[in-house]
Amino acid sequence: MSKSKADEKILSYNDVVLRRSDLDILGGPYFLNDRIIEFYLSYLSSFYPSSDILLVPPSIAFWVIQCPFAAALKDFLEPLHLSEKELVLFPVNDNEDVNTAEGGSHWSLLAYYRNANLFVHHDSCRSLNSEPAMKLYKAVVEYVGLSESGSEARYLECTDSPKQVNGYDCGLYVTAIARVICDWHVNGKKTDANDLWFSVVKERVTSSSVHCMRTEILVLIRDLMEKHSGQHAQE
């Protein structure tokens, strides 16, 4: 495929623009890029339209991890109103070069849940992203606010998180786990602050269900493209 063909815009969804090359990524066994992750998180935000949930785009999470200035970080994070959210999901990437777009080689997910006063890091590959996840946690923890007892939110490395069986599905694990956590938060029966989503994630996020995510996201994009095309045809 030529470069111009690969860069062709195929869908504009909320604030995310997808290109022809994104379909190729989903069609084969390839590492997911920022656009696909951002698209799916944006879709989840629309599917679970709760004002107490925030799904942070990859670009913002990356900037927070790499931001060297506390003052700039404050101006950037305050508009997110983290202290008003019950559930916040951050995609974590191991890219360390701020000059390299679409960099990095591994995705994971950092989830904050207010009722438990806890950040949980889900990594599908032996806590490979524990360092950037911890940097992200340290950067945002003061902005989510203190618990009723006045304590700061804790950080937990979830060692029992579902594990990938190849070298390229980490982004799909992020999308799958994010979906389960959102569904658990909106529809789950939560009895207390310690009744978290771990067992539901372990039950629903398997190697086979993650493998199906590629097709699910691809079909979702094609359906939205068809719907968008139909709307234009009627105008």
# chains A, B, ... in the order shown; residues from 1 in each chain; ligands from 1
>>> closest_atom_pairs(of="segment 27-49 of chain A", to="segment 92-103 of chain A", cutoff="9 Å", atoms="only C-alpha atoms", output="tab-separated table")
residue	atom	partner	partner_atom	distance
A:Asn33	CA	A:Glu102	CA	6.3
A:Asp34	CA	A:Glu102	CA	6.3
A:Arg35	CA	A:Glu102	CA	8.8
>>> write_last_selection(atoms="all heavy atoms", output="tab-separated table (two decimals), in the first residue's frame")
chain	number	residue	atom	x	y	z
A	33	ASN	N	-1.47	0.80	17.66
A	33	ASN	CA	-0.90	2.14	17.78
A	33	ASN	C	-1.78	3.02	18.68
A	33	ASN	O	-2.85	2.61	19.14
A	33	ASN	CB	-0.72	2.78	16.40
A	33	ASN	CG	-2.03	2.94	15.64
A	33	ASN	OD1	-3.11	2.84	16.21
A	33	ASN	ND2	-1.94	3.17	14.34
A	34	ASP	N	-1.33	4.26	18.90
A	34	ASP	CA	-2.05	5.18	19.78
A	34	ASP	C	-3.47	5.46	19.27
A	34	ASP	O	-4.40	5.57	20.07
A	34	ASP	CB	-1.30	6.52	19.86
A	34	ASP	CG	0.04	6.40	20.57
A	34	ASP	OD1	0.81	5.48	20.24
A	34	ASP	OD2	0.31	7.23	21.46
A	35	ARG	N	-3.62	5.59	17.96
A	35	ARG	CA	-4.93	5.97	17.41
A	35	ARG	C	-5.99	4.92	17.71
A	35	ARG	O	-7.13	5.25	18.05
A	35	ARG	CB	-4.84	6.21	15.90
A	35	ARG	CG	-4.20	7.52	15.51
A	35	ARG	CD	-4.52	7.87	14.07
A	35	ARG	NE	-4.09	6.85	13.12
A	35	ARG	CZ	-2.88	6.82	12.55
A	35	ARG	NH1	-1.99	7.74	12.84
A	35	ARG	NH2	-2.58	5.88	11.68
>>> select_by_dssp(residues="segment 49-232 of chain A", states="strand (DSSP E)", output="mmCIF file with N, CA and C atoms, in the first residue's frame")
data_model
loop_
_atom_site.group_PDB
_atom_site.id
_atom_site.type_symbol
_atom_site.label_atom_id
_atom_site.label_comp_id
_atom_site.auth_asym_id
_atom_site.auth_seq_id
_atom_site.Cartn_x
_atom_site.Cartn_y
_atom_site.Cartn_z
ATOM 1 N N ILE A 53 -16.733 8.621 35.171
ATOM 2 C CA ILE A 53 -15.687 7.816 34.532
ATOM 3 C C ILE A 53 -14.873 8.711 33.604
ATOM 4 N N LEU A 54 -13.552 8.541 33.640
ATOM 5 C CA LEU A 54 -12.672 9.252 32.714
ATOM 6 C C LEU A 54 -11.710 8.253 32.090
ATOM 7 N N LEU A 55 -11.731 8.153 30.779
ATOM 8 C CA LEU A 55 -10.787 7.318 30.036
ATOM 9 C C LEU A 55 -9.813 8.252 29.342
ATOM 10 N N LEU A 87 -13.823 6.613 38.678
ATOM 11 C CA LEU A 87 -12.990 5.651 37.964
ATOM 12 C C LEU A 87 -12.222 6.376 36.868
ATOM 13 N N VAL A 88 -10.905 6.194 36.845
ATOM 14 C CA VAL A 88 -10.065 6.797 35.814
ATOM 15 C C VAL A 88 -9.155 5.706 35.245
ATOM 16 N N LEU A 89 -9.119 5.599 33.919
ATOM 17 C CA LEU A 89 -8.267 4.611 33.254
ATOM 18 C C LEU A 89 -7.221 5.323 32.412
ATOM 19 N N PHE A 90 -5.955 4.939 32.627
ATOM 20 C CA PHE A 90 -4.834 5.517 31.896
ATOM 21 C C PHE A 90 -4.130 4.423 31.095
ATOM 22 N N PRO A 91 -4.045 4.523 29.769
ATOM 23 C CA PRO A 91 -3.183 3.603 29.011
ATOM 24 C C PRO A 91 -1.725 4.008 29.223
ATOM 25 N N VAL A 92 -0.875 3.032 29.466
ATOM 26 C CA VAL A 92 0.542 3.295 29.754
ATOM 27 C C VAL A 92 1.398 2.711 28.640
ATOM 28 N N ASN A 93 2.326 3.536 28.117
ATOM 29 C CA ASN A 93 3.238 3.088 27.064
ATOM 30 C C ASN A 93 4.667 3.271 27.534
ATOM 31 N N TRP A 107 2.161 -1.864 25.886
ATOM 32 C CA TRP A 107 1.035 -1.165 26.499
ATOM 33 C C TRP A 107 0.613 -1.862 27.793
ATOM 34 N N SER A 108 0.148 -1.085 28.750
ATOM 35 C CA SER A 108 -0.495 -1.633 29.939
ATOM 36 C C SER A 108 -1.561 -0.639 30.383
ATOM 37 N N LEU A 109 -2.242 -0.936 31.491
ATOM 38 C CA LEU A 109 -3.357 -0.093 31.922
ATOM 39 C C LEU A 109 -3.245 0.215 33.413
ATOM 40 N N LEU A 110 -3.342 1.501 33.743
ATOM 41 C CA LEU A 110 -3.366 1.929 35.141
ATOM 42 C C LEU A 110 -4.776 2.410 35.451
ATOM 43 N N ALA A 111 -5.426 1.785 36.429
ATOM 44 C CA ALA A 111 -6.807 2.112 36.782
ATOM 45 C C ALA A 111 -6.867 2.691 38.191
ATOM 46 N N TYR A 112 -7.588 3.804 38.324
ATOM 47 C CA TYR A 112 -7.806 4.406 39.640
ATOM 48 C C TYR A 112 -9.265 4.226 40.031
ATOM 49 N N TYR A 113 -9.500 3.739 41.265
ATOM 50 C CA TYR A 113 -10.858 3.553 41.760
ATOM 51 C C TYR A 113 -10.988 4.244 43.109
ATOM 52 N N LEU A 118 -7.371 3.581 45.484
ATOM 53 C CA LEU A 118 -6.351 2.684 44.962
ATOM 54 C C LEU A 118 -6.117 2.871 43.467
ATOM 55 N N PHE A 119 -4.832 2.822 43.076
ATOM 56 C CA PHE A 119 -4.423 2.708 41.679
ATOM 57 C C PHE A 119 -3.996 1.260 41.448
ATOM 58 N N VAL A 120 -4.490 0.646 40.383
ATOM 59 C CA VAL A 120 -4.138 -0.741 40.064
ATOM 60 C C VAL A 120 -3.505 -0.789 38.682
ATOM 61 N N HIS A 121 -2.323 -1.394 38.603
ATOM 62 C CA HIS A 121 -1.637 -1.517 37.314
ATOM 63 C C HIS A 121 -1.835 -2.922 36.758
ATOM 64 N N HIS A 122 -2.480 -2.995 35.586
ATOM 65 C CA HIS A 122 -2.684 -4.262 34.878
ATOM 66 C C HIS A 122 -1.678 -4.334 33.731
ATOM 67 N N ARG A 154 -3.251 4.491 47.257
ATOM 68 C CA ARG A 154 -2.146 3.532 47.169
ATOM 69 C C ARG A 154 -1.964 3.045 45.733
ATOM 70 N N TYR A 155 -0.839 2.373 45.508
ATOM 71 C CA TYR A 155 -0.522 1.799 44.199
ATOM 72 C C TYR A 155 -0.403 0.286 44.364
ATOM 73 N N LEU A 156 -1.023 -0.456 43.447
ATOM 74 C CA LEU A 156 -0.958 -1.918 43.481
ATOM 75 C C LEU A 156 -0.565 -2.454 42.117
ATOM 76 N N GLU A 157 0.469 -3.266 42.090
ATOM 77 C CA GLU A 157 0.860 -3.975 40.878
ATOM 78 C C GLU A 157 0.090 -5.287 40.871
#
>>> atom_distance(atom1="atom CA of Ser149 of chain A", atom2="atom CA of Glu84 of chain A")
17.1 Å
>>> residues_around(residues="Trp63 of chain A", least_positions_apart="4", cutoff="9 Å", atoms="only C-alpha atoms", output="PyMOL selection string")
chain A and resi 58-59+67+73+98
>>> write_last_selection(atoms="all heavy atoms", output="PDB file, in the first residue's frame")
ATOM      1  N   PRO A  58      -4.194   8.078  25.141  1.00  0.00           N
ATOM      2  CA  PRO A  58      -2.781   7.713  25.275  1.00  0.00           C
ATOM      3  C   PRO A  58      -1.833   8.904  25.226  1.00  0.00           C
ATOM      4  O   PRO A  58      -0.843   8.939  25.959  1.00  0.00           O
ATOM      5  CB  PRO A  58      -2.546   6.772  24.090  1.00  0.00           C
ATOM      6  CG  PRO A  58      -3.883   6.217  23.778  1.00  0.00           C
ATOM      7  CD  PRO A  58      -4.863   7.314  24.083  1.00  0.00           C
ATOM      8  N   SER A  59      -2.110   9.872  24.364  1.00  0.00           N
ATOM      9  CA  SER A  59      -1.213  11.025  24.222  1.00  0.00           C
ATOM     10  C   SER A  59      -1.135  11.830  25.516  1.00  0.00           C
ATOM     11  O   SER A  59      -0.067  12.333  25.885  1.00  0.00           O
ATOM     12  CB  SER A  59      -1.677  11.924  23.072  1.00  0.00           C
ATOM     13  OG  SER A  59      -3.010  12.362  23.281  1.00  0.00           O
ATOM     14  N   CYS A  67       6.310  14.648  31.492  1.00  0.00           N
ATOM     15  CA  CYS A  67       6.367  16.079  31.814  1.00  0.00           C
ATOM     16  C   CYS A  67       7.418  16.368  32.889  1.00  0.00           C
ATOM     17  O   CYS A  67       7.346  15.832  33.995  1.00  0.00           O
ATOM     18  CB  CYS A  67       5.008  16.567  32.299  1.00  0.00           C
ATOM     19  SG  CYS A  67       4.996  18.325  32.719  1.00  0.00           S
ATOM     20  N   LEU A  73       2.489  20.578  34.655  1.00  0.00           N
ATOM     21  CA  LEU A  73       1.653  19.410  34.936  1.00  0.00           C
ATOM     22  C   LEU A  73       0.366  19.830  35.637  1.00  0.00           C
ATOM     23  O   LEU A  73      -0.717  19.340  35.321  1.00  0.00           O
ATOM     24  CB  LEU A  73       2.430  18.416  35.798  1.00  0.00           C
ATOM     25  CG  LEU A  73       1.765  17.056  36.051  1.00  0.00           C
ATOM     26  CD1 LEU A  73       1.554  16.326  34.731  1.00  0.00           C
ATOM     27  CD2 LEU A  73       2.623  16.219  36.989  1.00  0.00           C
ATOM     28  N   VAL A  98      10.181  11.632  23.733  1.00  0.00           N
ATOM     29  CA  VAL A  98       9.073  12.544  23.447  1.00  0.00           C
ATOM     30  C   VAL A  98       9.086  13.022  21.998  1.00  0.00           C
ATOM     31  O   VAL A  98       8.105  13.593  21.518  1.00  0.00           O
ATOM     32  CB  VAL A  98       9.113  13.766  24.390  1.00  0.00           C
ATOM     33  CG1 VAL A  98       8.893  13.342  25.821  1.00  0.00           C
ATOM     34  CG2 VAL A  98      10.426  14.526  24.254  1.00  0.00           C
TER      35      VAL A  98
END
>>> residues_around(residues="segment 173-179 of chain A", least_positions_apart="3", cutoff="7 Å", atoms="only C-alpha atoms", output="PyMOL selection string")
chain A and resi 37+40+44+107-109+124+169-170+182-183+201+205+210
>>> write_last_selection(atoms="N, CA and C atoms", output="JSON list (two decimals), in the first residue's frame")
[["chain", "number", "residue", "atom", "x", "y", "z"],
["A", 37, "ILE", "N", -5.98, 2.64, 20.14],
["A", 37, "ILE", "CA", -6.24, 2.66, 21.58],
["A", 37, "ILE", "C", -7.16, 3.83, 21.92],
["A", 40, "TYR", "N", -10.78, 3.31, 20.71],
["A", 40, "TYR", "CA", -11.60, 2.37, 21.48],
["A", 40, "TYR", "C", -11.95, 2.93, 22.85],
["A", 44, "LEU", "N", -15.65, 3.51, 24.32],
["A", 44, "LEU", "CA", -16.12, 3.08, 25.64],
["A", 44, "LEU", "C", -16.74, 4.24, 26.41],
["A", 107, "TRP", "N", 2.16, -1.86, 25.89],
["A", 107, "TRP", "CA", 1.03, -1.17, 26.50],
["A", 107, "TRP", "C", 0.61, -1.86, 27.79],
["A", 108, "SER", "N", 0.15, -1.09, 28.75],
["A", 108, "SER", "CA", -0.49, -1.63, 29.94],
["A", 108, "SER", "C", -1.56, -0.64, 30.38],
["A", 109, "LEU", "N", -2.24, -0.94, 31.49],
["A", 109, "LEU", "CA", -3.36, -0.09, 31.92],
["A", 109, "LEU", "C", -3.24, 0.22, 33.41],
["A", 124, "SER", "N", 0.06, -7.07, 31.00],
["A", 124, "SER", "CA", -0.08, -8.41, 30.43],
["A", 124, "SER", "C", 1.26, -9.10, 30.19],
["A", 169, "ASP", "N", 0.05, -8.49, 21.41],
["A", 169, "ASP", "CA", -1.34, -8.29, 21.81],
["A", 169, "ASP", "C", -1.54, -7.40, 23.04],
["A", 170, "CYS", "N", -0.48, -6.77, 23.54],
["A", 170, "CYS", "CA", -0.60, -5.99, 24.77],
["A", 170, "CYS", "C", -1.67, -4.90, 24.68],
["A", 182, "CYS", "N", -14.98, -0.95, 33.01],
["A", 182, "CYS", "CA", -16.08, 0.00, 32.82],
["A", 182, "CYS", "C", -17.42, -0.68, 33.03],
["A", 183, "ASP", "N", -17.59, -1.88, 32.48],
["A", 183, "ASP", "CA", -18.83, -2.61, 32.63],
["A", 183, "ASP", "C", -19.07, -2.97, 34.09],
["A", 201, "VAL", "N", -12.30, -9.60, 35.60],
["A", 201, "VAL", "CA", -11.28, -9.48, 34.56],
["A", 201, "VAL", "C", -10.66, -10.83, 34.26],
["A", 205, "VAL", "N", -11.30, -11.87, 30.48],
["A", 205, "VAL", "CA", -10.17, -11.52, 29.62],
["A", 205, "VAL", "C", -9.26, -12.73, 29.51],
["A", 210, "VAL", "N", -9.36, -12.05, 23.92],
["A", 210, "VAL", "CA", -8.51, -10.95, 23.46],
["A", 210, "VAL", "C", -8.25, -11.08, 21.96]]
>>> residues_around(residues="Asn14 of chain A", least_positions_apart="4", cutoff="12 Å", atoms="only C-alpha atoms", output="PyMOL selection string")
chain A and resi 18+38-46+224
>>> residues_around(residues="segment 211-217 of chain A", least_positions_apart="2", cutoff="10 Å", atoms="only C-alpha atoms", output="VMD selection string")
chain A and resid 23 25 to 30 32 36 39 to 40 43 164 169 172 to 173 175 to 176 205 to 209 219 to 223
>>> write_last_selection(atoms="N, CA, C and O atoms", output="compact mmCIF listing (two decimals), in the first residue's frame")
# COMPACT_ATOMS: atom_id res chain seq x y z
N LEU A 23 -6.65 0.00 9.79
CA LEU A 23 -7.37 -1.23 9.45
C LEU A 23 -6.39 -2.36 9.20
O LEU A 23 -6.65 -3.52 9.55
N ILE A 25 -3.47 -2.71 10.60
CA ILE A 25 -2.95 -3.12 11.90
C ILE A 25 -3.92 -4.09 12.57
O ILE A 25 -3.53 -5.12 13.11
N LEU A 26 -5.21 -3.75 12.52
CA LEU A 26 -6.21 -4.62 13.15
C LEU A 26 -6.40 -5.92 12.37
O LEU A 26 -6.77 -6.95 12.95
N GLY A 27 -6.12 -5.88 11.07
CA GLY A 27 -6.30 -7.07 10.25
C GLY A 27 -5.21 -8.11 10.41
O GLY A 27 -5.39 -9.26 9.98
N GLY A 28 -4.10 -7.74 11.00
CA GLY A 28 -3.00 -8.70 11.15
C GLY A 28 -2.48 -8.75 12.58
O GLY A 28 -2.91 -7.97 13.43
N PRO A 29 -1.56 -9.60 12.84
CA PRO A 29 -1.01 -9.72 14.21
C PRO A 29 0.03 -8.63 14.49
O PRO A 29 1.23 -8.89 14.54
N TYR A 30 -0.46 -7.40 14.66
CA TYR A 30 0.45 -6.27 14.85
C TYR A 30 0.17 -5.53 16.15
O TYR A 30 -0.95 -5.53 16.67
N LEU A 32 -0.79 -2.62 18.48
CA LEU A 32 -1.75 -1.52 18.30
C LEU A 32 -1.07 -0.17 18.48
O LEU A 32 -0.25 0.00 19.37
N ILE A 36 -5.63 3.66 17.55
CA ILE A 36 -6.60 2.59 17.78
C ILE A 36 -6.97 2.52 19.26
O ILE A 36 -8.16 2.37 19.62
N PHE A 39 -9.16 5.53 19.96
CA PHE A 39 -10.49 5.33 19.38
C PHE A 39 -11.33 4.44 20.28
O PHE A 39 -12.50 4.76 20.59
N TYR A 40 -10.78 3.31 20.71
CA TYR A 40 -11.60 2.37 21.48
C TYR A 40 -11.95 2.93 22.85
O TYR A 40 -13.07 2.73 23.33
N TYR A 43 -14.71 5.24 22.29
CA TYR A 43 -15.94 4.46 22.09
C TYR A 43 -16.52 4.01 23.42
O TYR A 43 -17.74 4.10 23.65
N GLN A 164 -0.48 -12.02 28.24
CA GLN A 164 -0.49 -12.25 26.80
C GLN A 164 0.36 -13.47 26.45
O GLN A 164 1.28 -13.84 27.19
N ASP A 169 0.05 -8.49 21.41
CA ASP A 169 -1.34 -8.29 21.81
C ASP A 169 -1.54 -7.40 23.04
O ASP A 169 -2.66 -7.30 23.54
N LEU A 172 -4.35 -4.93 22.89
CA LEU A 172 -5.66 -5.56 22.94
C LEU A 172 -6.05 -5.91 24.36
O LEU A 172 -7.23 -5.82 24.74
N TYR A 173 -5.07 -6.31 25.17
CA TYR A 173 -5.35 -6.57 26.59
C TYR A 173 -5.79 -5.29 27.28
O TYR A 173 -6.68 -5.31 28.15
N THR A 175 -7.43 -2.76 25.89
CA THR A 175 -8.81 -2.49 25.49
C THR A 175 -9.79 -3.45 26.17
O THR A 175 -10.86 -3.04 26.62
N ALA A 176 -9.42 -4.72 26.24
CA ALA A 176 -10.30 -5.73 26.82
C ALA A 176 -10.50 -5.49 28.32
O ALA A 176 -11.62 -5.58 28.84
N VAL A 205 -11.30 -11.87 30.48
CA VAL A 205 -10.17 -11.52 29.62
C VAL A 205 -9.26 -12.73 29.51
O VAL A 205 -8.40 -12.99 30.35
N THR A 206 -9.45 -13.49 28.44
CA THR A 206 -8.65 -14.68 28.18
C THR A 206 -7.95 -14.50 26.84
O THR A 206 -8.25 -13.58 26.07
N SER A 207 -7.01 -15.38 26.54
CA SER A 207 -6.28 -15.27 25.27
C SER A 207 -7.23 -15.35 24.08
O SER A 207 -7.06 -14.65 23.07
N SER A 208 -8.27 -16.17 24.19
CA SER A 208 -9.22 -16.30 23.08
C SER A 208 -10.11 -15.07 22.94
O SER A 208 -10.37 -14.60 21.83
N SER A 209 -10.57 -14.52 24.09
CA SER A 209 -11.42 -13.32 24.01
C SER A 209 -10.63 -12.12 23.52
O SER A 209 -11.15 -11.28 22.78
N VAL A 219 -14.70 -4.63 13.08
CA VAL A 219 -16.12 -4.61 12.68
C VAL A 219 -16.77 -3.32 13.18
O VAL A 219 -17.57 -2.70 12.47
N LEU A 220 -16.44 -2.90 14.39
CA LEU A 220 -16.98 -1.66 14.94
C LEU A 220 -16.63 -0.47 14.06
O LEU A 220 -17.49 0.36 13.74
N ILE A 221 -15.37 -0.40 13.65
CA ILE A 221 -14.92 0.71 12.80
C ILE A 221 -15.64 0.68 11.45
O ILE A 221 -16.12 1.71 10.96
N ARG A 222 -15.74 -0.51 10.86
CA ARG A 222 -16.42 -0.61 9.56
C ARG A 222 -17.90 -0.24 9.68
O ARG A 222 -18.46 0.39 8.78
N ASP A 223 -18.54 -0.63 10.78
CA ASP A 223 -19.95 -0.28 10.98
C ASP A 223 -20.11 1.24 11.11
O ASP A 223 -21.05 1.83 10.56
>>> select_by_dssp(residues="segment 18-220 of chain A", states="alpha helix (DSSP H)", output="VMD selection string")
chain A and resid 20 to 27 34 to 47 58 to 66 70 to 77 130 to 144 170 to 187 198 to 204 207 to 220
>>> closest_residue(among="A:Asp15, A:Glu8, A:Arg204, A:Glu148", to="Ile181 of chain A", atoms="only C-alpha atoms")
A:Arg204
>>> atom_distance(atom1="atom CA of Phe69 of chain A", atom2="atom CA of Val141 of chain A")
15.8 Å
